[in-house]
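Asks: Sending over structure36.json (JSON, C-alpha atoms).
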[["chain", "number", "residue", "atom", "x", "y", "z"],
["A", 1, "MET", "CA", 84.82, 88.24, 124.46],
["A", 2, "ALA", "CA", 88.36, 89.24, 125.37],
["A", 3, "ASN", "CA", 88.86, 92.16, 127.71],
["A", 4, "ILE", "CA", 90.32, 95.03, 125.70],
["A", 5, "GLN", "CA", 92.13, 96.24, 128.81],
["A", 6, "ASN", "CA", 94.21, 93.05, 128.74],
["A", 7, "LEU", "CA", 95.42, 93.68, 125.19],
["A", 8, "ASP", "CA", 99.09, 94.57, 124.87],
["A", 9, "PRO", "CA", 99.29, 97.22, 122.12],
["A", 10, "THR", "CA", 102.94, 96.31, 121.54],
["A", 11, "ALA", "CA", 102.16, 92.62, 120.91],
["A", 12, "SER", "CA", 101.29, 92.93, 117.22],
["A", 13, "PRO", "CA", 99.93, 95.41, 114.66],
["A", 14, "LEU", "CA", 96.47, 93.85, 115.12],
["A", 15, "ASP", "CA", 96.59, 94.30, 118.91],
["A", 16, "TYR", "CA", 97.70, 97.90, 118.52],
["A", 17, "TYR", "CA", 94.93, 98.60, 116.01],
["A", 18, "GLY", "CA", 92.25, 97.22, 118.36],
["A", 19, "TRP", "CA", 93.67, 99.06, 121.36],
["A", 20, "GLU", "CA", 93.87, 102.36, 119.47],
["A", 21, "LEU", "CA", 90.36, 101.96, 118.01],
["A", 22, "ARG", "CA", 88.95, 101.53, 121.51],
["A", 23, "ARG", "CA", 90.93, 104.52, 122.80],
["A", 24, "GLN", "CA", 89.88, 106.83, 119.96],
["A", 25, "ARG", "CA", 86.24, 105.74, 120.12],
["A", 26, "GLU", "CA", 85.98, 106.33, 123.85],
["A", 27, "ALA", "CA", 87.69, 109.71, 123.49],
["A", 28, "GLN", "CA", 84.77, 110.69, 121.24],
["A", 29, "GLY", "CA", 82.28, 109.43, 123.82],
["A", 30, "LEU", "CA", 80.85, 106.78, 121.47],
["A", 31, "THR", "CA", 79.68, 103.26, 122.22],
["A", 32, "GLN", "CA", 80.55, 100.45, 119.83],
["A", 33, "GLY", "CA", 76.98, 100.51, 118.54],
["A", 34, "GLN", "CA", 77.03, 104.27, 117.96],
["A", 35, "LEU", "CA", 80.28, 104.10, 116.01],
["A", 36, "GLY", "CA", 78.86, 101.18, 114.05],
["A", 37, "ASP", "CA", 75.81, 103.25, 113.10],
["A", 38, "ILE", "CA", 78.02, 106.08, 111.87],
["A", 39, "ILE", "CA", 80.21, 103.86, 109.68],
["A", 40, "PHE", "CA", 77.39, 101.56, 108.52],
["A", 41, "CYS", "CA", 78.33, 98.36, 110.31],
["A", 42, "THR", "CA", 77.29, 96.57, 113.48],
["A", 43, "GLY", "CA", 78.54, 97.40, 116.95],
["A", 44, "SER", "CA", 79.43, 93.74, 117.20],
["A", 45, "LEU", "CA", 81.91, 94.10, 114.34],
["A", 46, "VAL", "CA", 83.49, 97.12, 116.02],
["A", 47, "GLY", "CA", 83.82, 95.05, 119.20],
["A", 48, "GLN", "CA", 85.34, 92.10, 117.36],
["A", 49, "ILE", "CA", 87.97, 94.34, 115.78],
["A", 50, "GLU", "CA", 88.72, 96.05, 119.10],
["A", 51, "THR", "CA", 89.35, 92.65, 120.69],
["A", 52, "THR", "CA", 91.33, 91.25, 117.70],
["A", 53, "LYS", "CA", 88.64, 88.68, 116.94],
["A", 54, "LYS", "CA", 88.29, 90.16, 113.46],
["A", 55, "VAL", "CA", 90.84, 91.73, 111.13],
["A", 56, "PRO", "CA", 89.87, 95.22, 109.87],
["A", 57, "THR", "CA", 89.57, 95.98, 106.18],
["A", 58, "ARG", "CA", 90.86, 99.08, 104.43],
["A", 59, "ASP", "CA", 87.29, 100.25, 103.78],
["A", 60, "PHE", "CA", 86.46, 99.93, 107.49],
["A", 61, "SER", "CA", 89.62, 101.86, 108.39],
["A", 62, "GLU", "CA", 88.89, 104.71, 106.00],
["A", 63, "ARG", "CA", 85.35, 105.04, 107.36],
["A", 64, "VAL", "CA", 86.64, 105.07, 110.95],
["A", 65, "ASP", "CA", 89.14, 107.81, 110.07],
["A", 66, "ALA", "CA", 86.33, 109.89, 108.57],
["A", 67, "ALA", "CA", 84.01, 109.28, 111.54],
["A", 68, "LEU", "CA", 86.56, 109.94, 114.28],
["A", 69, "GLY", "CA", 88.61, 112.59, 112.50],
["A", 70, "THR", "CA", 91.84, 110.66, 113.05],
["A", 71, "ASP", "CA", 93.67, 112.10, 110.03],
["A", 72, "GLY", "CA", 94.32, 108.79, 108.26],
["A", 73, "LEU", "CA", 95.65, 106.99, 111.34],
["A", 74, "PHE", "CA", 93.70, 103.78, 110.81],
["A", 75, "SER", "CA", 94.17, 103.86, 107.05],
["A", 76, "ARG", "CA", 97.91, 103.81, 107.70],
["A", 77, "LEU", "CA", 97.72, 101.17, 110.41],
["A", 78, "VAL", "CA", 95.64, 98.75, 108.37],
["A", 79, "GLY", "CA", 98.48, 98.21, 105.90],
["A", 80, "LEU", "CA", 100.69, 96.94, 108.74],
["A", 81, "VAL", "CA", 97.84, 94.83, 110.11],
["A", 82, "LEU", "CA", 97.12, 93.15, 106.80],
["A", 83, "ARG", "CA", 100.78, 92.51, 106.06],
["A", 84, "SER", "CA", 101.08, 90.83, 109.46],
["A", 85, "GLN", "CA", 98.38, 88.36, 108.35],
["A", 86, "LEU", "CA", 100.65, 86.98, 105.64],
["A", 87, "PRO", "CA", 102.47, 83.74, 106.45],
["A", 88, "THR", "CA", 105.52, 84.47, 108.59],
["A", 89, "TRP", "CA", 107.87, 82.97, 106.03],
["A", 90, "PHE", "CA", 106.40, 85.19, 103.28],
["A", 91, "GLN", "CA", 106.47, 88.51, 105.14],
["A", 92, "PRO", "CA", 110.16, 89.32, 104.40],
["A", 93, "TYR", "CA", 109.50, 88.89, 100.68],
["A", 94, "ALA", "CA", 106.37, 91.08, 100.82],
["A", 95, "ALA", "CA", 108.40, 93.83, 102.50],
["A", 96, "MET", "CA", 111.11, 93.62, 99.82],
["A", 97, "GLU", "CA", 108.50, 93.52, 97.04],
["A", 98, "ALA", "CA", 106.98, 96.74, 98.40],
["A", 99, "ALA", "CA", 110.40, 98.43, 98.45],
["A", 100, "ALA", "CA", 111.56, 97.28, 95.00],
["A", 101, "THR", "CA", 111.81, 99.65, 92.06],
["A", 102, "TYR", "CA", 111.80, 96.87, 89.46],
["A", 103, "ILE", "CA", 110.11, 93.47, 89.72],
["A", 104, "SER", "CA", 110.59, 90.78, 87.10],
["A", 105, "THR", "CA", 108.86, 87.46, 87.60],
["A", 106, "TYR", "CA", 108.26, 84.20, 85.78],
["A", 107, "GLN", "CA", 105.04, 82.42, 86.75],
["A", 108, "ALA", "CA", 104.76, 78.75, 85.79],
["A", 109, "GLN", "CA", 101.17, 77.98, 86.88],
["A", 110, "LEU", "CA", 99.37, 80.93, 88.43],
["A", 111, "VAL", "CA", 98.84, 84.60, 87.70],
["A", 112, "TYR", "CA", 101.26, 86.69, 89.78],
["A", 113, "GLY", "CA", 99.73, 87.83, 93.08],
["A", 114, "LEU", "CA", 99.98, 91.53, 92.21],
["A", 115, "LEU", "CA", 97.82, 90.95, 89.11],
["A", 116, "GLN", "CA", 95.20, 88.63, 90.58],
["A", 117, "THR", "CA", 91.55, 89.59, 90.88],
["A", 118, "GLU", "CA", 90.05, 89.21, 94.33],
["A", 119, "GLU", "CA", 87.89, 86.25, 93.30],
["A", 120, "TYR", "CA", 90.83, 84.48, 91.61],
["A", 121, "ALA", "CA", 92.94, 85.04, 94.74],
["A", 122, "ARG", "CA", 90.14, 83.69, 96.90],
["A", 123, "ALA", "CA", 89.89, 80.54, 94.78],
["A", 124, "VAL", "CA", 93.66, 79.97, 94.97],
["A", 125, "LEU", "CA", 93.89, 80.59, 98.70],
["A", 126, "SER", "CA", 90.76, 78.60, 99.57],
["A", 127, "ILE", "CA", 92.65, 75.38, 98.81],
["A", 128, "GLU", "CA", 94.54, 75.57, 102.09],
["A", 129, "GLN", "CA", 93.38, 78.57, 104.11],
["A", 130, "GLY", "CA", 90.21, 77.75, 106.12],
["A", 131, "SER", "CA", 89.18, 80.13, 108.85],
["A", 132, "THR", "CA", 91.76, 82.77, 107.82],
["A", 133, "LEU", "CA", 90.70, 82.93, 104.17],
["A", 134, "ASP", "CA", 89.18, 86.43, 104.36],
["A", 135, "GLU", "CA", 92.29, 87.81, 106.05],
["A", 136, "MET", "CA", 94.62, 86.18, 103.51],
["A", 137, "VAL", "CA", 92.62, 87.54, 100.57],
["A", 138, "ALA", "CA", 92.61, 91.03, 102.11],
["A", 139, "ALA", "CA", 96.38, 90.81, 102.63],
["A", 140, "ARG", "CA", 96.93, 89.84, 99.00],
["A", 141, "MET", "CA", 94.78, 92.73, 97.79],
["A", 142, "GLU", "CA", 96.72, 95.05, 100.07],
["A", 143, "ARG", "CA", 99.98, 93.98, 98.40],
["A", 144, "GLN", "CA", 98.60, 95.23, 95.10],
["A", 145, "ARG", "CA", 98.44, 98.82, 96.35],
["A", 146, "ILE", "CA", 102.09, 99.27, 95.40],
["A", 147, "LEU", "CA", 101.00, 99.33, 91.74],
["A", 148, "ARG", "CA", 98.75, 102.32, 92.46],
["A", 149, "ARG", "CA", 101.38, 104.40, 94.21],
["A", 150, "GLU", "CA", 102.45, 107.74, 92.78],
["A", 151, "ASN", "CA", 105.82, 106.15, 91.98],
["A", 152, "PRO", "CA", 105.05, 102.44, 91.43],
["A", 153, "PRO", "CA", 107.65, 99.78, 90.72],
["A", 154, "ALA", "CA", 108.15, 98.65, 87.14],
["A", 155, "LEU", "CA", 106.66, 95.17, 86.87],
["A", 156, "TRP", "CA", 107.48, 92.69, 84.12],
["A", 157, "VAL", "CA", 105.63, 89.37, 84.16],
["A", 158, "VAL", "CA", 106.38, 86.37, 81.96],
["A", 159, "LEU", "CA", 103.37, 84.10, 82.33],
["A", 160, "SER", "CA", 103.35, 80.50, 81.19],
["A", 161, "GLU", "CA", 100.43, 79.67, 78.91],
["A", 162, "ALA", "CA", 99.55, 77.07, 81.56],
["A", 163, "ALA", "CA", 98.45, 79.89, 83.88],
["A", 164, "LEU", "CA", 95.79, 80.88, 81.35],
["A", 165, "LEU", "CA", 94.52, 77.34, 80.84],
["A", 166, "LEU", "CA", 94.58, 76.11, 84.44],
["A", 167, "GLU", "CA", 91.01, 76.79, 85.45],
["A", 168, "ILE", "CA", 90.91, 78.46, 88.86],
["A", 169, "GLY", "CA", 87.50, 79.14, 90.35],
["A", 170, "GLY", "CA", 85.50, 78.32, 87.23],
["A", 171, "HIS", "CA", 84.87, 79.90, 83.83],
["A", 172, "ASP", "CA", 83.49, 83.21, 85.12],
["A", 173, "VAL", "CA", 86.44, 83.77, 87.46],
["A", 174, "MET", "CA", 88.93, 82.97, 84.71],
["A", 175, "ARG", "CA", 87.20, 85.17, 82.17],
["A", 176, "ARG", "CA", 87.34, 88.14, 84.52],
["A", 177, "GLN", "CA", 90.95, 87.34, 85.42],
["A", 178, "CYS", "CA", 91.91, 87.37, 81.75],
["A", 179, "ALA", "CA", 90.07, 90.67, 81.30],
["A", 180, "HIS", "CA", 91.94, 92.06, 84.30],
["A", 181, "LEU", "CA", 95.28, 91.14, 82.72],
["A", 182, "LEU", "CA", 94.22, 92.98, 79.57],
["A", 183, "ASP", "CA", 93.44, 96.07, 81.64],
["A", 184, "PHE", "CA", 97.19, 96.50, 82.22],
["A", 185, "GLN", "CA", 97.89, 97.07, 78.52],
["A", 186, "ASP", "CA", 97.71, 100.83, 79.01],
["A", 187, "ASN", "CA", 99.74, 100.83, 82.21],
["A", 188, "PRO", "CA", 103.25, 102.06, 81.36],
["A", 189, "TRP", "CA", 104.74, 100.35, 84.43],
["A", 190, "VAL", "CA", 103.33, 96.87, 83.84],
["A", 191, "GLN", "CA", 104.23, 94.51, 81.00],
["A", 192, "VAL", "CA", 102.79, 91.02, 80.57],
["A", 193, "GLN", "CA", 104.25, 88.43, 78.21],
["A", 194, "VAL", "CA", 102.91, 84.92, 77.69],
["A", 195, "LEU", "CA", 105.34, 82.04, 77.20],
["A", 196, "PRO", "CA", 103.48, 79.66, 74.84],
["A", 197, "PHE", "CA", 103.70, 75.88, 75.04],
["A", 198, "SER", "CA", 105.12, 75.88, 71.51],
["A", 199, "VAL", "CA", 108.44, 77.20, 72.87],
["A", 200, "GLY", "CA", 109.21, 73.79, 74.32],
["A", 201, "GLN", "CA", 112.09, 73.62, 76.80],
["A", 202, "HIS", "CA", 113.01, 77.00, 78.27],
["A", 203, "ALA", "CA", 114.97, 78.81, 80.99],
["A", 204, "GLY", "CA", 112.09, 78.58, 83.48],
["A", 205, "MET", "CA", 111.81, 74.81, 83.54],
["A", 206, "MET", "CA", 112.70, 74.71, 87.23],
["A", 207, "GLY", "CA", 109.59, 76.74, 88.10],
["A", 208, "THR", "CA", 108.41, 80.15, 89.27],
["A", 209, "PHE", "CA", 110.95, 82.75, 90.40],
["A", 210, "THR", "CA", 111.19, 86.50, 90.93],
["A", 211, "LEU", "CA", 113.97, 89.06, 90.71],
["A", 212, "LEU", "CA", 113.76, 92.30, 92.71],
["A", 213, "ARG", "CA", 115.88, 95.36, 91.98],
["A", 214, "PHE", "CA", 116.32, 98.39, 94.22],
["A", 215, "ASP", "CA", 117.68, 101.91, 93.90],
["A", 216, "ASN", "CA", 120.30, 101.59, 96.63],
["A", 217, "ASP", "CA", 120.39, 97.94, 97.67],
["A", 218, "PRO", "CA", 121.62, 94.69, 96.09],
["A", 219, "ASP", "CA", 119.29, 92.77, 93.79],
["A", 220, "LEU", "CA", 117.39, 89.83, 95.27],
["A", 221, "PHE", "CA", 116.33, 86.49, 93.87],
["A", 222, "TYR", "CA", 113.26, 84.83, 95.37],
["A", 223, "VAL", "CA", 111.67, 81.43, 94.94],
["A", 224, "ASP", "CA", 108.87, 80.04, 97.09],
["A", 225, "GLY", "CA", 107.91, 76.51, 97.94],
["A", 226, "TYR", "CA", 105.55, 74.65, 100.21],
["A", 227, "HIS", "CA", 105.31, 76.68, 103.45],
["A", 228, "GLN", "CA", 108.67, 78.30, 102.87],
["A", 229, "GLY", "CA", 110.45, 80.83, 100.72],
["A", 230, "HIS", "CA", 114.09, 81.36, 99.78],
["A", 231, "MET", "CA", 115.61, 84.76, 99.12],
["A", 232, "THR", "CA", 119.22, 85.48, 98.27],
["A", 233, "ALA", "CA", 121.43, 88.34, 97.10],
["A", 234, "SER", "CA", 124.19, 86.01, 95.87],
["A", 235, "PRO", "CA", 125.82, 87.72, 92.84],
["A", 236, "ASP", "CA", 126.25, 84.37, 91.09],
["A", 237, "VAL", "CA", 122.58, 83.48, 91.49],
["A", 238, "ILE", "CA", 121.45, 86.96, 90.43],
["A", 239, "LYS", "CA", 123.63, 86.83, 87.32],
["A", 240, "GLU", "CA", 122.47, 83.35, 86.33],
["A", 241, "ARG", "CA", 118.78, 84.06, 86.87],
["A", 242, "SER", "CA", 118.95, 87.48, 85.20],
["A", 243, "VAL", "CA", 120.34, 85.86, 82.06],
["A", 244, "GLY", "CA", 117.68, 83.15, 82.34],
["A", 245, "TYR", "CA", 114.97, 85.76, 82.64],
["A", 246, "ALA", "CA", 116.25, 87.62, 79.60],
["A", 247, "ARG", "CA", 116.01, 84.35, 77.65],
["A", 248, "LEU", "CA", 112.43, 83.87, 78.85],
["A", 249, "GLN", "CA", 111.53, 87.38, 77.69],
["A", 250, "ALA", "CA", 113.09, 86.71, 74.30],
["A", 251, "ALA", "CA", 111.24, 83.39, 73.91],
["A", 252, "ALA", "CA", 107.86, 84.72, 75.04],
["A", 253, "LEU", "CA", 105.29, 86.39, 72.84],
["A", 254, "SER", "CA", 105.51, 90.17, 72.59],
["A", 255, "PRO", "CA", 103.20, 92.10, 74.96],
["A", 256, "GLU", "CA", 100.92, 92.82, 71.97],
["A", 257, "ASP", "CA", 100.78, 89.19, 70.81],
["A", 258, "SER", "CA", 100.37, 88.10, 74.43],
["A", 259, "ALA", "CA", 97.30, 90.33, 74.75],
["A", 260, "ARG", "CA", 95.85, 88.77, 71.61],
["A", 261, "LEU", "CA", 96.40, 85.27, 73.03],
["A", 262, "ILE", "CA", 94.82, 86.23, 76.37],
["A", 263, "THR", "CA", 91.84, 87.68, 74.50],
["A", 264, "ARG", "CA", 91.45, 84.51, 72.44],
["A", 265, "VAL", "CA", 91.58, 82.29, 75.55],
["A", 266, "MET", "CA", 89.08, 84.54, 77.31],
["A", 267, "GLU", "CA", 86.64, 84.54, 74.38],
["A", 268, "GLU", "CA", 86.94, 80.90, 73.38],
["A", 269, "ARG", "CA", 87.86, 78.84, 76.46],
["A", 270, "TYR", "CA", 85.99, 80.91, 79.04],
["A", 271, "ALA", "CA", 83.12, 82.29, 76.98],
["A", 272, "PRO", "CA", 79.69, 82.50, 78.65],
["A", 273, "PRO", "CA", 77.47, 79.52, 77.66],
["A", 274, "HIS", "CA", 75.12, 81.63, 75.54],
["A", 275, "SER", "CA", 78.06, 83.03, 73.57],
["A", 276, "THR", "CA", 79.18, 79.48, 72.74],
["A", 277, "GLU", "CA", 75.71, 78.56, 71.53],
["A", 278, "GLU", "CA", 75.51, 81.71, 69.42],
["A", 279, "ARG", "CA", 78.78, 80.81, 67.68],
["A", 280, "ARG", "CA", 77.51, 77.29, 66.96],
["A", 281, "VAL", "CA", 74.31, 78.65, 65.41],
["A", 282, "ALA", "CA", 76.29, 81.15, 63.35]]
Translate this file's structure into structure tokens.

Replies:
Amino acid sequence: MANIQNLDPTASPLDYYGWELRRQREAQGLTQGQLGDIIFCTGSLVGQIETTKKVPTRDFSERVDAALGTDGLFSRLVGLVLRSQLPTWFQPYAAMEAAATYISTYQAQLVYGLLQTEEYARAVLSIEQGSTLDEMVAARMERQRILRRENPPALWVVLSEAALLLEIGGHDVMRRQCAHLLDFQDNPWVQVQVLPFSVGQHAGMMGTFTLLRFDNDPDLFYVDGYHQGHMTASPDVIKERSVGYARLQAAALSPEDSARLITRVMEERYAPPHSTEERRVA
């Protein structure tokens, strides 16, 4: 196990978190095992986090704050730690997403990251992530906290019907993901529209893209690719894609009709096996 004394707290958010956890724990006169007993985990886990072998979760951080009386220190730090686990090329976008006041996105294949369930996100990320899967899932869930802020951004999602029919993680995962999308119907800051296949050619044919708007900064256009992302504030691009997005909104089903389609897909395509048999008997 790495020597905590050799950690440079300025090297990364994760290094600083581990260094500070060790410092605060020792100031309270607690061993790793004793702290683990207090926060209902093993001393080994505490040691792994102190030596950056393991990435802390938000739940762990909140329990440490309560146990050590650190006034939310670790709950604040964990956001930086988890964001640092995102791919380097994606981190600038995540920072801009968190600062935006209005997010409008077209998703051609997948549910937008801010609206994904944890198990759906895990299934998507498991395709390429290996040993860092847990950290990547935690980072994606952390991104979603912006929707629960006191002053959240307005989020408008146009979702291709393909995203509902592309089975990610199996029937159960998809059924719960559809139900999660329906949960946003009563959220005044989130609107979901489905772009049905029947529309044919449309303004999103080139693929997924996102527009970010800010109170005091220029708008941004973002598109990601394989291990890279492209972000620009070019007025010409913003104008073109804003008009394209407006056309997508006009072509898509209304939020109410979209909810009905999501419900139908959830109940028919991803119904539990016994429900399917019951319908056949009826």

Asks: In terms of the shortest atom-to-atom distance over all atoms listed in the file, which of A:His230, A:Val158, A:Phe214, A:Glu26 is closest to Tyr112 in chain A?

Replies: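 Looking at the shortest contact to Tyr112 in chain A, the residue is A:Val158.
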
Asks: In Å, how far is it from CA of Asn6 in chain A to CA of Leu21 in chain A?

Replies: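 Between CA of Asn6 in chain A and CA of Leu21 in chain A the gap works out to 14.5 Å.
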
Asks: Taking into account all atoms listed in the file, which residue in the set A:Asp219, A:Asp65, A:Glu268, A:Glu119 is nearest to Ser234 in chain A?

Replies: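 Using all atoms listed in the file, the shortest distance to Ser234 in chain A belongs to A:Asp219.
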
Asks: When you draw a straight line from CA of Thr105 in chain A to CA of Arg260 in chain A, how long is it in Å?

Replies: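 Value for the CA of Thr105 in chain A-CA of Arg260 in chain A distance: 20.7 Å.
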
Asks: From the set A:Ala246, A:Arg23, A:Ser198, A:Phe184, which residue has the shortest atom-to-atom contact distance to Thr70 in chain A, counting all atoms listed in the file?

Replies: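 Under the stated criterion, the closest residue is A:Arg23.
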
Asks: Which of these, A:Thr52, A:Thr101, A:Gln109, A:Thr42, has the shortest distance to Asp15 in chain A once you count only C-alpha atoms?

Replies: A:Thr52

Asks: Taking all atoms listed in the file into account, name the residue in A:Asp215, A:Ala108, A:Ser131, A:Pro273 that is nearest to Phe197 in chain A.

Replies: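 Checking each candidate against Phe197 in chain A, we get A:Ala108 as the closest.
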
Asks: Pick out the residues sitting within 12 Å of Tyr226 in chain A, and hand them over as a JSON list (two decimals) with C-alpha atoms, keeping the file's coordinate frame; count all atoms listed in the file, and ignore anything fewer than 5 positions along from it in its own chain.

Replies:
[["chain", "number", "residue", "atom", "x", "y", "z"],
["A", 87, "PRO", "CA", 102.47, 83.74, 106.45],
["A", 89, "TRP", "CA", 107.87, 82.97, 106.03],
["A", 90, "PHE", "CA", 106.40, 85.19, 103.28],
["A", 128, "GLU", "CA", 94.54, 75.57, 102.09]]

Asks: Extract, using all atoms listed in the file, all DNA, RNA and protein residues at most 8 Å from range 137-147 of chain A, discarding same-chain residues fewer than 4 positions from it, and format them as a PyMOL selection string.

Replies: chain A and resi 57+79+82-83+85-86+94+98+113-115+118+121-122+125+133+152-153

Asks: Enter the distance from CA of Asp217 in chain A to CA of Arg149 in chain A, in Å, rounded to one decimal.

Replies: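 Answer for the CA of Asp217 in chain A to CA of Arg149 in chain A separation: 20.4 Å.
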
Asks: As number ranges by chain, please: the residues near Arg269 in chain A (cut-off 9 Å, all atoms listed in the file, same-chain neighbours under 4 positions excluded).

Replies: A: 165, 171, 175, 264-265

Asks: Neighbours of Ala259 in chain A within 9 Å (only C-alpha atoms; same-chain residues fewer than 2 positions away dropped), as an mmCIF file with C-alpha atoms, keeping the file's coordinate frame?

Replies:
data_model
loop_
_atom_site.group_PDB
_atom_site.id
_atom_site.type_symbol
_atom_site.label_atom_id
_atom_site.label_comp_id
_atom_site.auth_asym_id
_atom_site.auth_seq_id
_atom_site.Cartn_x
_atom_site.Cartn_y
_atom_site.Cartn_z
ATOM 1 C CA LEU A 181 95.280 91.140 82.720
ATOM 2 C CA LEU A 182 94.220 92.980 79.570
ATOM 3 C CA GLN A 185 97.890 97.070 78.520
ATOM 4 C CA VAL A 192 102.790 91.020 80.570
ATOM 5 C CA GLN A 193 104.250 88.430 78.210
ATOM 6 C CA VAL A 194 102.910 84.920 77.690
ATOM 7 C CA SER A 254 105.510 90.170 72.590
ATOM 8 C CA PRO A 255 103.200 92.100 74.960
ATOM 9 C CA GLU A 256 100.920 92.820 71.970
ATOM 10 C CA ASP A 257 100.780 89.190 70.810
ATOM 11 C CA LEU A 261 96.400 85.270 73.030
ATOM 12 C CA ILE A 262 94.820 86.230 76.370
ATOM 13 C CA THR A 263 91.840 87.680 74.500
ATOM 14 C CA ARG A 264 91.450 84.510 72.440
#

Asks: So, with only C-alpha atoms as the atoms that count, which of A:Gly229, A:Gln107, A:Gln177, A:Pro188 lies closest to Met206 in chain A?

Replies: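 Of A:Gly229, A:Gln107, A:Gln177, A:Pro188, the one nearest Met206 in chain A, counting only C-alpha atoms, is A:Gln107.
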
Asks: Need to verify the contact set: Thr10 in chain A, 12 Å, only C-alpha atoms, exclusion of same-chain residues closer than 5 positions in sequence. Can you return it as a list in words?

Replies: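 These residues fall inside the cut-off: Asp15, Tyr16, Tyr17, Gly18, Trp19 and Glu20 of chain A.
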
Asks: Counting all atoms listed in the file, which residues have an atom no more than 12 Å from (79.1, 104.6, 121.5) in the file's coordinates? Please list them as a ChimeraX atom specification.

Replies: /A:22-39,42-44,46-47,68

Asks: Find the axis-aligned box for range 54-70 of chain A, covering all its listed atoms and adding 4 Å on each side, and write its centre and edge lengths in Å to one decimal as JSON.

Replies:
{"center_x": 87.9, "center_y": 101.4, "center_z": 109.0, "size_x": 15.8, "size_y": 30.4, "size_z": 18.5}
